[in-house]
Amino acid sequence: MRERAIREVRSTGRPIAHIAKDLGIHKEALRGWVCQAEADRGERDDRLTTAELRADSVGDLGPVGVN
């Protein structure tokens with residue numbers, strides 16, 4: 001569903017709020033998905049890519065078994 005919603009925003013130019021309503025999802029959820037997809041494509045630099053977020057969250061865990 002996420003990919004379909006992002007594709008619709010990008011291809012139609014319709015407002016995110018209208019597409020979100022049509023799909024039955026919250027407009028801010030869709031806005032976040034679109035922003036993340038743009039970051040992943042290198043279209044924006046104001047947020048981390050999904051790969052960077054995953055790498056960062058793994059690094060935050062630290063060594064396993066160390067208290």
# chains A, B, ... in the order shown; residues from 1 in each chain; ligands from 1
call {"tool": "residues_around", "arguments": {"residues": "region 30-36 of chain A", "least_positions_apart": "2", "cutoff": "12 Å", "atoms": "only C-alpha atoms", "output": "PyMOL selection string"}}
result
chain A and resi 1-10+15-28+38-53
call {"tool": "select_by_dssp", "arguments": {"residues": "chain A", "states": "alpha helix (DSSP H)", "output": "PyMOL selection string"}}
result
chain A and resi 2-12+16-23+27-40+50-61
